[in-house]
Amino acid sequence: RLNGSMQHTNSSARGSQLRLNMEGLLRGMVLLVLGIVLKSYQALEIFDRIAYDTTIRQSVEPADSRIVLVEIDDKSIARYGQWPWPRSKHAELINRLNAAKPQGIMVDILFVEPSEQTVQDDALANAIGNGRNIVLPILLSSRSTQPLDMEEPDSINVVEPIESIKRRALIGYSTTNPDIDNTIRSVGLSMTIQQRTYPLISALLIGQASSSTKPSKLLIPYAGSMGRFEHYSYADVMDGKVNSEVFKDKYVLVGATATGLDDLHKTPFGLMSG
């Protein structure tokens with residue numbers, strides 16, 4: 001009886017060990033399959049990125065002639081001094097551009113805090129109010145110590161332009177997440193943050209803003225490296241050195257390219273301001 005009990009115990013132990021070995025083997029196989037699938041997915045992503053970069057570099061088309069840039073460049077900084085400039089300066093620029101009757105003006109400058117002098121804000125608000133289709137950006141920041149993640153809207157804090165300016169302008173966002181290699185290839189057309197849907201600022205400018213609450217992305221149709229669009233110095237426009245006719249019926253983008261002010265991003269064509 002004693003011998004029989006020992007044999008039964010040994011048989012049960014071997015069975016338990018066999019089951020454990022089988023479970024371990026199955027777990028290993030599942031992890032292996034998942035690893036292969038993940039690597040295949042990553043390989044496909046890498047292939048897609050390479051294919052996109054190659055295609056867009058080999059099929060560069062002429063820059064859209066409807067777009068004109070006004071650059072806050074080194075020349076402008078030398079002319080008007082240290083940044084930031086008084087908002088009345090931007091008001092004067094907008095008034096000059098408005099007089100040329102453009103299709104729209106995007107001013108890529110944040111006006112999220114009031115000026116020390118209310119008259120500065122009033123001047124800018126009036127210039128925007130007298131214009132047509134003037135678009136301004138909102139400020140997006142992370143609610144935590146983690147980097148800003150555009151894929152997690154609940155983690156994002158929004159600061160809009162001050163009220164007197166905001167109510168006369170169109171507002172949208174211009175931030176986008178780069179791919180894993182830190183290159184920007186796509187951009188969301190709209191995003192909902194804190195129960196409000198914000199359109200992409202450039203889509204808003206050309207009247208193609210999306211009001212959809214569903215996230216959607218568009219591959220960016222780059223026109224090549226920097227300098228391909230028609231562009232003028234902010235200072236030259238203000239000094240009357242640029243014929244106003246160049247802005248008529250155009251989409252005018254005002255932004256910084258000056259050393260230390262430009263917001264550089266990695267693209268398939270290298271670093272670009274934007």
# chains A, B, ... in the order shown; residues from 1 in each chain; ligands from 1

call {"tool": "residues_around", "arguments": {"residues": "segment 115-124 of chain A", "least_positions_apart": "3", "cutoff": "9 Å", "atoms": "only C-alpha atoms", "output": "VMD selection string"}}
result
chain A and resid 86 to 92 94 111 127 to 129 162 164 to 165

call {"tool": "closest_residue", "arguments": {"among": "A:Gln208, A:Asn157, A:Asn126, A:Ser59", "to": "Ser141 of chain A", "atoms": "only C-alpha atoms"}}
result
A:Asn157

call {"tool": "closest_residue", "arguments": {"among": "A:Val60, A:Ile184, A:Met150, A:Leu139", "to": "Pro268 of chain A", "atoms": "only C-alpha atoms"}}
result
A:Ile184

call {"tool": "select_by_dssp", "arguments": {"residues": "segment 21-220 of chain A", "states": "helix (DSSP H, G or I)", "output": "count of residues only"}}
result
82

call {"tool": "atom_distance", "arguments": {"atom1": "atom CA of Pro62 of chain A", "atom2": "atom CA of Lys250 of chain A"}}
result
16.0 Å

call {"tool": "select_by_dssp", "arguments": {"residues": "segment 229-258 of chain A", "states": "strand (DSSP E)", "output": "list in words"}}
result
Glu230, His231, Tyr232, Ser233, Tyr251, Val252, Leu253, Val254, Gly255 and Ala256 of chain A

call {"tool": "closest_residue", "arguments": {"among": "A:Trp83, A:Tyr173, A:Phe247, A:Tyr234", "to": "Ser202 of chain A", "atoms": "only C-alpha atoms"}}
result
A:Tyr173

call {"tool": "residues_around", "arguments": {"residues": "Ser144 of chain A", "least_positions_apart": "4", "cutoff": "9 Å", "atoms": "only C-alpha atoms", "output": "ChimeraX atom specification"}}
result
/A:148,155-156

call {"tool": "write_last_selection", "arguments": {"atoms": "C-alpha atoms", "output": "short mmCIF file (atom, residue, chain, number, x, y, z; two decimals), in the first residue's frame"}}
result
data_model
loop_
_atom_site.label_atom_id
_atom_site.label_comp_id
_atom_site.auth_asym_id
_atom_site.auth_seq_id
_atom_site.Cartn_x
_atom_site.Cartn_y
_atom_site.Cartn_z
CA LEU A 148 3.29 66.73 -25.57
CA SER A 155 -3.28 64.97 -21.73
CA ILE A 156 -3.22 68.33 -23.57
#
